[in-house]
>>> print(open('query.cif').read())   # mmCIF, C-alpha atoms
data_run
#
loop_
_atom_site.label_atom_id
_atom_site.label_comp_id
_atom_site.auth_asym_id
_atom_site.auth_seq_id
_atom_site.Cartn_x
_atom_site.Cartn_y
_atom_site.Cartn_z
CA MET A 212 -119.74 -69.06 42.37
CA ALA A 213 -118.14 -71.11 39.64
CA THR A 214 -116.98 -70.09 36.21
CA ILE A 215 -116.58 -72.92 33.75
CA ILE A 216 -114.30 -72.09 30.84
CA CYS A 217 -114.62 -74.32 27.82
CA PRO A 218 -111.61 -74.59 25.55
CA SER A 219 -110.70 -73.01 22.28
CA LEU A 220 -111.08 -75.64 19.58
CA ARG A 221 -108.73 -75.32 16.66
CA ASN A 222 -107.04 -77.87 14.39
CA SER A 223 -103.56 -76.75 15.40
CA VAL A 224 -104.21 -76.50 19.13
CA ALA A 225 -101.92 -78.79 21.09
CA SER A 226 -104.21 -79.53 24.02
CA LEU A 227 -107.71 -79.20 25.35
CA CYS A 228 -107.78 -77.58 28.79
CA PHE A 229 -110.61 -77.68 31.32
CA CYS A 230 -110.41 -74.84 33.83
CA ILE A 231 -112.58 -73.97 36.79
CA LEU A 232 -112.93 -70.97 39.09
CA LEU A 233 -114.76 -71.14 42.41
CA TYR A 234 -115.66 -68.22 44.70
CA SER A 235 -113.81 -65.84 42.44
CA VAL A 236 -114.38 -62.99 40.04
CA SER A 237 -114.03 -63.77 36.35
CA VAL A 238 -113.29 -61.37 33.53
CA GLY A 239 -115.95 -61.82 30.87
CA ALA A 240 -115.72 -59.73 27.75
CA ARG A 241 -119.40 -59.79 26.89
CA PRO A 242 -121.76 -60.99 29.66
CA ALA A 243 -125.18 -61.40 28.07
CA THR A 244 -128.71 -61.90 29.26
CA PHE A 245 -129.89 -65.49 29.30
CA LEU A 246 -132.24 -65.26 26.32
CA GLU A 247 -129.68 -63.56 24.08
CA ASP A 248 -127.72 -66.77 23.62
CA PHE A 249 -129.75 -69.55 25.30
CA ARG A 250 -133.12 -71.29 25.23
CA ILE A 251 -134.88 -73.57 27.72
CA THR A 252 -134.89 -77.20 26.61
CA TRP A 253 -136.53 -78.95 29.51
CA ALA A 254 -139.12 -77.97 32.16
CA ASP A 255 -139.48 -74.24 31.60
CA SER A 256 -141.46 -73.95 34.84
CA HIS A 257 -138.25 -74.93 36.70
CA ILE A 258 -136.03 -72.19 35.25
CA ARG A 259 -136.62 -68.69 36.61
CA GLN A 260 -135.05 -65.56 35.19
CA LEU A 261 -133.62 -63.10 37.70
CA ASP A 262 -132.25 -59.56 37.51
CA GLY A 263 -133.82 -58.81 34.15
CA GLY A 264 -132.55 -62.03 32.62
CA ARG A 265 -128.94 -61.45 33.63
CA ALA A 266 -129.18 -64.44 35.98
CA ILE A 267 -131.30 -67.58 36.25
CA GLN A 268 -132.30 -70.08 38.91
CA LEU A 269 -132.54 -73.79 38.11
CA VAL A 270 -134.90 -75.86 40.27
CA LEU A 271 -134.87 -79.60 40.99
CA ASP A 272 -137.77 -81.13 42.88
CA GLN A 273 -139.56 -84.47 42.89
CA SER A 274 -141.57 -83.55 39.81
CA SER A 275 -138.68 -82.57 37.53
CA GLY A 276 -135.21 -81.26 36.91
CA CYS A 277 -134.52 -78.79 34.10
CA GLY A 278 -132.07 -77.73 31.42
CA PHE A 279 -131.11 -75.15 28.81
CA ALA A 280 -128.96 -74.92 25.69
CA SER A 281 -127.33 -72.33 23.45
CA LYS A 282 -129.33 -71.18 20.45
CA ARG A 283 -126.38 -71.81 18.14
CA GLN A 284 -123.48 -74.23 17.77
CA TYR A 285 -119.81 -73.20 17.72
CA LEU A 286 -116.66 -74.71 16.27
CA PHE A 287 -114.05 -72.33 17.65
CA GLY A 288 -114.18 -70.10 20.69
CA ARG A 289 -114.60 -69.72 24.44
CA VAL A 290 -117.63 -70.19 26.67
CA SER A 291 -117.94 -69.17 30.31
CA MET A 292 -120.56 -68.53 32.97
CA LYS A 293 -120.71 -68.34 36.74
CA ILE A 294 -122.54 -71.10 38.58
CA LYS A 295 -123.53 -71.25 42.22
CA LEU A 296 -123.94 -74.95 42.95
CA VAL A 297 -126.67 -76.50 45.10
CA PRO A 298 -125.69 -75.69 48.71
CA GLY A 299 -125.87 -77.92 51.78
CA ASP A 300 -127.06 -81.49 51.43
CA SER A 301 -126.87 -81.98 47.66
CA ALA A 302 -126.27 -85.75 47.60
CA GLY A 303 -127.74 -87.43 44.54
CA THR A 304 -127.93 -84.23 42.48
CA VAL A 305 -125.92 -83.44 39.35
CA THR A 306 -125.32 -79.95 38.01
CA ALA A 307 -123.97 -80.50 34.50
CA PHE A 308 -122.32 -78.06 32.11
CA TYR A 309 -121.23 -79.47 28.77
CA MET A 310 -120.75 -79.00 25.05
CA ASN A 311 -122.29 -81.50 22.64
CA SER A 312 -122.31 -81.89 18.86
CA ASP A 313 -125.79 -83.49 18.95
CA THR A 314 -124.72 -86.12 16.43
CA ASP A 315 -125.73 -89.31 18.28
CA THR A 316 -123.21 -92.17 17.94
CA VAL A 317 -120.46 -90.04 16.40
CA ARG A 318 -120.87 -87.16 18.82
CA ASP A 319 -118.18 -84.95 20.25
CA GLU A 320 -118.76 -83.83 23.83
CA LEU A 321 -116.92 -82.05 26.65
CA ASP A 322 -118.44 -82.60 30.10
CA PHE A 323 -118.34 -81.03 33.53
CA GLU A 324 -120.61 -82.80 36.01
CA PHE A 325 -120.72 -81.46 39.57
CA LEU A 326 -121.72 -84.35 41.80
CA GLY A 327 -123.48 -83.36 44.99
CA ASN A 328 -122.60 -84.65 48.44
CA ARG A 329 -123.75 -84.75 52.02
CA THR A 330 -123.46 -81.50 53.99
CA GLY A 331 -119.87 -80.66 54.85
CA GLN A 332 -118.32 -82.94 52.23
CA PRO A 333 -116.61 -81.55 49.12
CA TYR A 334 -118.23 -81.42 45.71
CA THR A 335 -116.74 -83.76 43.14
CA VAL A 336 -116.40 -82.62 39.54
CA GLN A 337 -116.35 -85.33 36.90
CA THR A 338 -114.99 -84.49 33.46
CA ASN A 339 -115.40 -86.60 30.36
CA ILE A 340 -114.49 -86.28 26.70
CA TYR A 341 -116.19 -87.81 23.68
CA ALA A 342 -114.33 -87.60 20.38
CA HIS A 343 -115.77 -89.05 17.16
CA GLY A 344 -118.27 -91.07 19.20
CA LYS A 345 -115.78 -92.55 21.68
CA GLY A 346 -116.16 -91.54 25.32
CA ASN A 347 -115.71 -93.23 28.71
CA ARG A 348 -112.76 -90.96 29.55
CA GLU A 349 -113.88 -89.99 33.05
CA GLN A 350 -111.73 -88.25 35.63
CA ARG A 351 -112.94 -87.09 39.06
CA VAL A 352 -111.53 -84.37 41.27
CA ASN A 353 -112.63 -83.38 44.78
CA LEU A 354 -112.92 -79.62 44.90
CA TRP A 355 -111.13 -77.65 47.59
CA PHE A 356 -112.63 -74.46 49.06
CA TYR A 357 -111.01 -71.85 46.85
CA VAL A 358 -110.02 -72.36 43.23
CA ASP A 359 -108.64 -69.61 41.04
CA GLU A 360 -107.99 -70.33 37.34
CA VAL A 361 -106.55 -73.76 38.10
CA PRO A 362 -106.64 -76.24 35.19
CA ILE A 363 -108.02 -79.62 36.21
CA ARG A 364 -107.96 -81.54 32.92
CA VAL A 365 -105.80 -81.56 29.79
CA TYR A 366 -106.44 -83.70 26.71
CA LYS A 367 -103.75 -83.38 24.07
CA ASN A 368 -104.27 -83.43 20.34
CA ASN A 369 -102.66 -86.67 19.18
CA GLU A 370 -104.62 -87.10 15.95
CA ALA A 371 -101.33 -87.70 14.15
CA LYS A 372 -101.12 -90.92 16.20
CA GLY A 373 -104.64 -91.94 15.25
CA ILE A 374 -106.27 -90.81 18.51
CA PRO A 375 -109.61 -89.00 18.05
CA TYR A 376 -109.79 -85.33 18.99
CA PRO A 377 -112.89 -83.07 18.89
CA THR A 378 -112.05 -80.56 16.15
CA ARG A 379 -114.42 -81.25 13.28
CA GLN A 380 -117.97 -80.89 14.61
CA PRO A 381 -119.57 -77.71 15.95
CA MET A 382 -121.03 -78.05 19.43
CA GLY A 383 -123.81 -76.42 21.40
CA VAL A 384 -123.54 -75.38 25.04
CA TYR A 385 -125.82 -77.17 27.52
CA SER A 386 -126.54 -77.22 31.23
CA THR A 387 -128.89 -79.31 33.37
CA LEU A 388 -129.82 -79.89 36.99
CA TRP A 389 -131.12 -83.38 37.64
CA GLU A 390 -131.39 -86.32 40.06
CA ALA A 391 -128.94 -89.21 39.64
CA ASP A 392 -128.77 -90.83 43.06
CA ASP A 393 -128.18 -94.27 41.53
CA TRP A 394 -124.56 -93.25 40.85
CA ALA A 395 -123.71 -89.60 41.58
CA THR A 396 -122.68 -89.68 45.26
CA ARG A 397 -120.36 -92.45 46.50
CA GLY A 398 -121.40 -94.67 43.63
CA GLY A 399 -125.07 -94.46 44.57
CA LEU A 400 -124.67 -95.26 48.27
CA GLU A 401 -125.85 -91.77 49.28
CA LYS A 402 -129.42 -91.14 48.13
CA ILE A 403 -131.12 -87.82 47.52
CA ASN A 404 -132.99 -86.40 50.52
CA TRP A 405 -136.18 -85.02 49.03
CA SER A 406 -137.07 -83.32 52.32
CA LYS A 407 -134.34 -80.81 51.37
CA ALA A 408 -136.04 -79.98 48.05
CA PRO A 409 -136.28 -77.81 46.13
CA PHE A 410 -132.60 -77.94 45.16
CA LEU A 411 -131.46 -74.65 43.59
CA ALA A 412 -128.54 -73.69 41.36
CA TYR A 413 -127.86 -70.18 40.08
CA TYR A 414 -126.20 -68.97 36.87
CA LYS A 415 -125.07 -65.55 35.67
CA ASP A 416 -122.53 -63.75 33.44
CA PHE A 417 -123.31 -65.77 30.32
CA ASP A 418 -120.51 -65.26 27.82
CA ILE A 419 -120.02 -66.95 24.46
CA GLU A 420 -117.26 -65.69 22.20
CA GLY A 421 -116.73 -67.85 19.16
CA CYS A 422 -117.46 -68.76 15.57
CA PRO A 423 -121.07 -69.90 15.14
CA VAL A 424 -122.01 -72.58 12.63
CA PRO A 425 -123.56 -71.75 10.26
CA GLY A 426 -121.73 -68.46 10.10
CA PRO A 427 -119.05 -66.52 8.19
CA ALA A 428 -116.33 -68.80 6.83
CA SER A 429 -113.78 -66.11 7.63
CA CYS A 430 -114.49 -66.22 11.38
CA ALA A 431 -112.02 -69.00 12.19
CA SER A 432 -109.09 -67.03 10.76
CA SER A 433 -110.07 -63.59 12.06
CA PRO A 434 -107.19 -61.71 13.75
CA GLY A 435 -109.69 -60.61 16.40
CA ASN A 436 -110.02 -64.16 17.77
CA TRP A 437 -107.93 -63.69 20.91
CA TRP A 438 -108.57 -67.30 21.97
CA GLU A 439 -106.47 -68.51 19.01
CA GLY A 440 -103.29 -67.04 20.51
CA THR A 441 -100.42 -69.21 21.71
CA THR A 442 -101.32 -68.36 25.32
CA TYR A 443 -104.41 -70.55 24.98
CA GLN A 444 -102.85 -73.46 23.09
CA ALA A 445 -101.01 -75.03 26.03
CA LEU A 446 -100.42 -74.58 29.74
CA ASN A 447 -97.63 -72.26 30.80
CA ALA A 448 -95.18 -73.27 33.53
CA ILE A 449 -97.29 -71.90 36.40
CA GLU A 450 -100.49 -73.44 35.08
CA TYR A 451 -98.73 -76.77 34.63
CA ARG A 452 -97.53 -76.77 38.26
CA ARG A 453 -101.07 -76.05 39.43
CA TYR A 454 -102.41 -78.80 37.21
CA LYS A 455 -99.93 -81.33 38.64
CA TRP A 456 -100.84 -80.21 42.18
CA VAL A 457 -104.51 -80.96 41.48
CA ARG A 458 -103.69 -84.40 40.10
CA ILE A 459 -101.51 -85.29 43.08
CA ASN A 460 -103.72 -83.89 45.85
CA HIS A 461 -107.32 -83.92 44.63
CA MET A 462 -107.81 -86.48 41.85
CA ILE A 463 -109.83 -89.44 43.13
CA TYR A 464 -110.46 -91.31 39.86
CA ASP A 465 -108.70 -91.55 36.51
CA TYR A 466 -109.87 -93.91 33.79
CA CYS A 467 -106.27 -94.19 32.57
CA THR A 468 -105.28 -96.12 35.69
CA ASP A 469 -108.46 -98.21 36.05
CA LYS A 470 -107.23 -101.67 35.10
CA SER A 471 -110.61 -103.26 35.87
CA ARG A 472 -112.12 -101.26 33.00
CA TYR A 473 -109.05 -100.98 30.80
CA PRO A 474 -106.61 -103.91 31.16
CA VAL A 475 -104.81 -102.35 28.19
CA THR A 476 -104.09 -98.67 28.85
CA PRO A 477 -106.03 -96.42 26.41
CA PRO A 478 -103.75 -95.02 23.70
CA GLU A 479 -104.30 -91.36 24.63
CA CYS A 480 -103.07 -92.14 28.15
CA VAL A 481 -99.87 -93.67 26.79
CA ALA A 482 -99.41 -90.73 24.40
CA GLY A 483 -99.78 -88.30 27.29
CA PHE A 484 -102.58 -85.99 28.28
#
>>> encode(input="query.cif", output="structure tokens")
Amino acid sequence: MATIICPSLRNSVASLCFCILLYSVSVGARPATFLEDFRITWADSHIRQLDGGRAIQLVLDQSSGCGFASKRQYLFGRVSMKIKLVPGDSAGTVTAFYMNSDTDTVRDELDFEFLGNRTGQPYTVQTNIYAHGKGNREQRVNLWFYVDEVPIRVYKNNEAKGIPYPTRQPMGVYSTLWEADDWATRGGLEKINWSKAPFLAYYKDFDIEGCPVPGPASCASSPGNWWEGTTYQALNAIEYRRYKWVRINHMIYDYCTDKSRYPVTPPECVAGF
């Protein structure tokens, strides 16, 4: 099972942290049924509700993938859910979980893309950040067997230095299961094996705590917003050590060091992330 925790977004927050939990138990304050907060956006015949709507199954076969989205957009808050990724031979599949402002060329977006692999090989998670329409900030990490509240990505707020940061546009929550064997596994060398279809991913414990837009203007400053506390504005010493361990031992791609794409190092990489 995987719990993806999207960051608190707040003008004064120092950094944007991507965290991931695998094969663990998360503490969710308000797990909801699927239809309380979400709607199907693509191929409703490929999304099946389980356990009275408290869980869902996403299906990918040769006819279609599928996807869903939150019913509302949020500017501040925390989003989490548990995901059981496609097991076994998942090469060529992508299970994506992301937030998107749905504003085309000036969009803000925070991406987790779980890239499938051949049986016995680790999943790769690719993260990306779009801020004010500028993206192409990919990092890839090979996942180890057990992960417990380990941060894998930090993107600091350096707007004072003219570097875009996603604070101004509300975003919806999205997830999809789809085929991308032209690039997803070993750069497209490993193709999807349709004889293994259908490919199945499972979701449960849907939890959105945040300030919806449109919504009460007072929400962002409410004292009940626990995610606004200093604990969630930056990594503590233990979290930072875990984060560095991931970067040293499991990071396999970082756009900041890709000189073929960026002969001049991107400014946010120089400023620190």
>>> residues_near_point(input="query.cif", point="(-132.6, -71.6, 42.0)", cutoff="8 Å", atoms="all atoms listed in the file", output="VMD selection string")
chain A and resid 258 to 259 267 to 270 410 to 413
>>> write_last_selection(input="query.cif", atoms="C-alpha atoms", output="mmCIF file, in the coordinates of the input")
data_model
loop_
_atom_site.group_PDB
_atom_site.id
_atom_site.type_symbol
_atom_site.label_atom_id
_atom_site.label_comp_id
_atom_site.auth_asym_id
_atom_site.auth_seq_id
_atom_site.Cartn_x
_atom_site.Cartn_y
_atom_site.Cartn_z
ATOM 1 C CA ILE A 258 -136.030 -72.190 35.250
ATOM 2 C CA ARG A 259 -136.620 -68.690 36.610
ATOM 3 C CA ILE A 267 -131.300 -67.580 36.250
ATOM 4 C CA GLN A 268 -132.300 -70.080 38.910
ATOM 5 C CA LEU A 269 -132.540 -73.790 38.110
ATOM 6 C CA VAL A 270 -134.900 -75.860 40.270
ATOM 7 C CA PHE A 410 -132.600 -77.940 45.160
ATOM 8 C CA LEU A 411 -131.460 -74.650 43.590
ATOM 9 C CA ALA A 412 -128.540 -73.690 41.360
ATOM 10 C CA TYR A 413 -127.860 -70.180 40.080
#
>>> residues_near_point(input="query.cif", point="(-117.8, -68.8, 12.7)", cutoff="9 Å", atoms="only C-alpha atoms", output="ChimeraX atom specification")
/A:285-288,421-431
>>> closest_atom_pairs(input="query.cif", of="region 268-301 of chain A", to="region 308-314 of chain A", cutoff="10 Å", atoms="only C-alpha atoms", output="CSV")
residue,atom,partner,partner_atom,distance
A:Gly278,CA,A:Phe308,CA,9.8
A:Phe279,CA,A:Phe308,CA,9.8
A:Ala280,CA,A:Met310,CA,9.2
A:Ser281,CA,A:Met310,CA,9.5
A:Gln284,CA,A:Ser312,CA,7.8
A:Tyr285,CA,A:Ser312,CA,9.1
A:Leu286,CA,A:Ser312,CA,9.5
A:Val290,CA,A:Met310,CA,9.5
A:Met292,CA,A:Phe308,CA,9.7
A:Ile294,CA,A:Phe308,CA,9.5
>>> resolve_selection(input="query.cif", expression="the PyMOL selection byres ((chain A and resi 302) around 10)", output="VMD selection string")
chain A and resid 297 299 to 301 303 to 305 326 to 330 332 334 390 to 392 395 to 397 399 to 404
>>> write_last_selection(input="query.cif", atoms="C-alpha atoms", output="PDB file, in the coordinates of the input")
ATOM      1  CA  VAL A 297    -126.670 -76.500  45.100  1.00  0.00           C
ATOM      2  CA  GLY A 299    -125.870 -77.920  51.780  1.00  0.00           C
ATOM      3  CA  ASP A 300    -127.060 -81.490  51.430  1.00  0.00           C
ATOM      4  CA  SER A 301    -126.870 -81.980  47.660  1.00  0.00           C
ATOM      5  CA  GLY A 303    -127.740 -87.430  44.540  1.00  0.00           C
ATOM      6  CA  THR A 304    -127.930 -84.230  42.480  1.00  0.00           C
ATOM      7  CA  VAL A 305    -125.920 -83.440  39.350  1.00  0.00           C
ATOM      8  CA  LEU A 326    -121.720 -84.350  41.800  1.00  0.00           C
ATOM      9  CA  GLY A 327    -123.480 -83.360  44.990  1.00  0.00           C
ATOM     10  CA  ASN A 328    -122.600 -84.650  48.440  1.00  0.00           C
ATOM     11  CA  ARG A 329    -123.750 -84.750  52.020  1.00  0.00           C
ATOM     12  CA  THR A 330    -123.460 -81.500  53.990  1.00  0.00           C
ATOM     13  CA  GLN A 332    -118.320 -82.940  52.230  1.00  0.00           C
ATOM     14  CA  TYR A 334    -118.230 -81.420  45.710  1.00  0.00           C
ATOM     15  CA  GLU A 390    -131.390 -86.320  40.060  1.00  0.00           C
ATOM     16  CA  ALA A 391    -128.940 -89.210  39.640  1.00  0.00           C
ATOM     17  CA  ASP A 392    -128.770 -90.830  43.060  1.00  0.00           C
ATOM     18  CA  ALA A 395    -123.710 -89.600  41.580  1.00  0.00           C
ATOM     19  CA  THR A 396    -122.680 -89.680  45.260  1.00  0.00           C
ATOM     20  CA  ARG A 397    -120.360 -92.450  46.500  1.00  0.00           C
ATOM     21  CA  GLY A 399    -125.070 -94.460  44.570  1.00  0.00           C
ATOM     22  CA  LEU A 400    -124.670 -95.260  48.270  1.00  0.00           C
ATOM     23  CA  GLU A 401    -125.850 -91.770  49.280  1.00  0.00           C
ATOM     24  CA  LYS A 402    -129.420 -91.140  48.130  1.00  0.00           C
ATOM     25  CA  ILE A 403    -131.120 -87.820  47.520  1.00  0.00           C
ATOM     26  CA  ASN A 404    -132.990 -86.400  50.520  1.00  0.00           C
TER      27      ASN A 404
END
>>> atom_distance(input="query.cif", atom1="CA of Leu246 (chain A)", atom2="CA of Ser386 (chain A)")
14.1 Å
>>> atom_distance(input="query.cif", atom1="CA of Ala342 (chain A)", atom2="CA of Val317 (chain A)")
7.7 Å
>>> axis_aligned_box(input="query.cif", around="region 413-417 of chain A", padding_each_side="4 Å", output="lines of an AutoDock Vina configuration file")
center_x = -125.2
center_y = -67.0
center_z = 35.2
size_x = 13.3
size_y = 14.4
size_z = 17.8
>>> closest_residue(input="query.cif", among="A:Val336, A:Val384, A:Val457, A:Leu321", to="Glu360 (chain A)", atoms="only C-alpha atoms")
A:Val457
>>> build_atoms(input="query.cif", residues="region 297-312 of chain A", atoms="N, CA, C and O atoms", output="CSV table (one decimal), keeping the file's coordinate frame")
chain,number,residue,atom,x,y,z
A,297,VAL,N,-125.7,-76.2,44.1
A,297,VAL,CA,-126.7,-76.5,45.1
A,297,VAL,C,-126.0,-76.5,46.5
A,297,VAL,O,-125.0,-77.3,46.6
A,298,PRO,N,-126.4,-75.7,47.4
A,298,PRO,CA,-125.7,-75.7,48.7
A,298,PRO,C,-126.2,-76.8,49.6
A,298,PRO,O,-127.2,-77.4,49.4
A,299,GLY,N,-125.4,-77.0,50.7
A,299,GLY,CA,-125.9,-77.9,51.8
A,299,GLY,C,-125.9,-79.4,51.3
A,299,GLY,O,-125.0,-79.8,50.6
A,300,ASP,N,-126.9,-80.1,51.7
A,300,ASP,CA,-127.1,-81.5,51.4
A,300,ASP,C,-127.5,-81.6,50.0
A,300,ASP,O,-128.7,-81.5,49.7
A,301,SER,N,-126.6,-81.9,49.1
A,301,SER,CA,-126.9,-82.0,47.7
A,301,SER,C,-126.7,-83.4,47.1
A,301,SER,O,-126.6,-83.6,45.9
A,302,ALA,N,-126.5,-84.4,48.0
A,302,ALA,CA,-126.3,-85.8,47.6
A,302,ALA,C,-127.3,-86.2,46.6
A,302,ALA,O,-128.5,-85.9,46.7
A,303,GLY,N,-126.8,-86.9,45.6
A,303,GLY,CA,-127.7,-87.4,44.5
A,303,GLY,C,-128.1,-86.5,43.4
A,303,GLY,O,-128.7,-86.8,42.5
A,304,THR,N,-127.7,-85.2,43.5
A,304,THR,CA,-127.9,-84.2,42.5
A,304,THR,C,-126.7,-84.1,41.6
A,304,THR,O,-125.6,-84.3,42.0
A,305,VAL,N,-127.0,-83.7,40.3
A,305,VAL,CA,-125.9,-83.4,39.4
A,305,VAL,C,-126.2,-82.1,38.7
A,305,VAL,O,-127.3,-81.9,38.1
A,306,THR,N,-125.3,-81.2,38.8
A,306,THR,CA,-125.3,-80.0,38.0
A,306,THR,C,-124.3,-80.1,36.9
A,306,THR,O,-123.1,-80.2,37.1
A,307,ALA,N,-124.8,-80.2,35.6
A,307,ALA,CA,-124.0,-80.5,34.5
A,307,ALA,C,-123.8,-79.3,33.6
A,307,ALA,O,-124.8,-78.5,33.4
A,308,PHE,N,-122.6,-79.1,33.1
A,308,PHE,CA,-122.3,-78.1,32.1
A,308,PHE,C,-121.5,-78.7,31.0
A,308,PHE,O,-120.4,-79.3,31.4
A,309,TYR,N,-121.9,-78.7,29.8
A,309,TYR,CA,-121.2,-79.5,28.8
A,309,TYR,C,-121.5,-78.9,27.4
A,309,TYR,O,-122.3,-78.1,27.2
A,310,MET,N,-120.6,-79.3,26.5
A,310,MET,CA,-120.8,-79.0,25.0
A,310,MET,C,-121.0,-80.3,24.3
A,310,MET,O,-120.3,-81.3,24.6
A,311,ASN,N,-121.9,-80.3,23.3
A,311,ASN,CA,-122.3,-81.5,22.6
A,311,ASN,C,-122.6,-81.2,21.2
A,311,ASN,O,-123.2,-80.2,20.9
A,312,SER,N,-122.1,-82.1,20.3
A,312,SER,CA,-122.3,-81.9,18.9
A,312,SER,C,-123.7,-82.3,18.4
A,312,SER,O,-124.1,-82.1,17.3
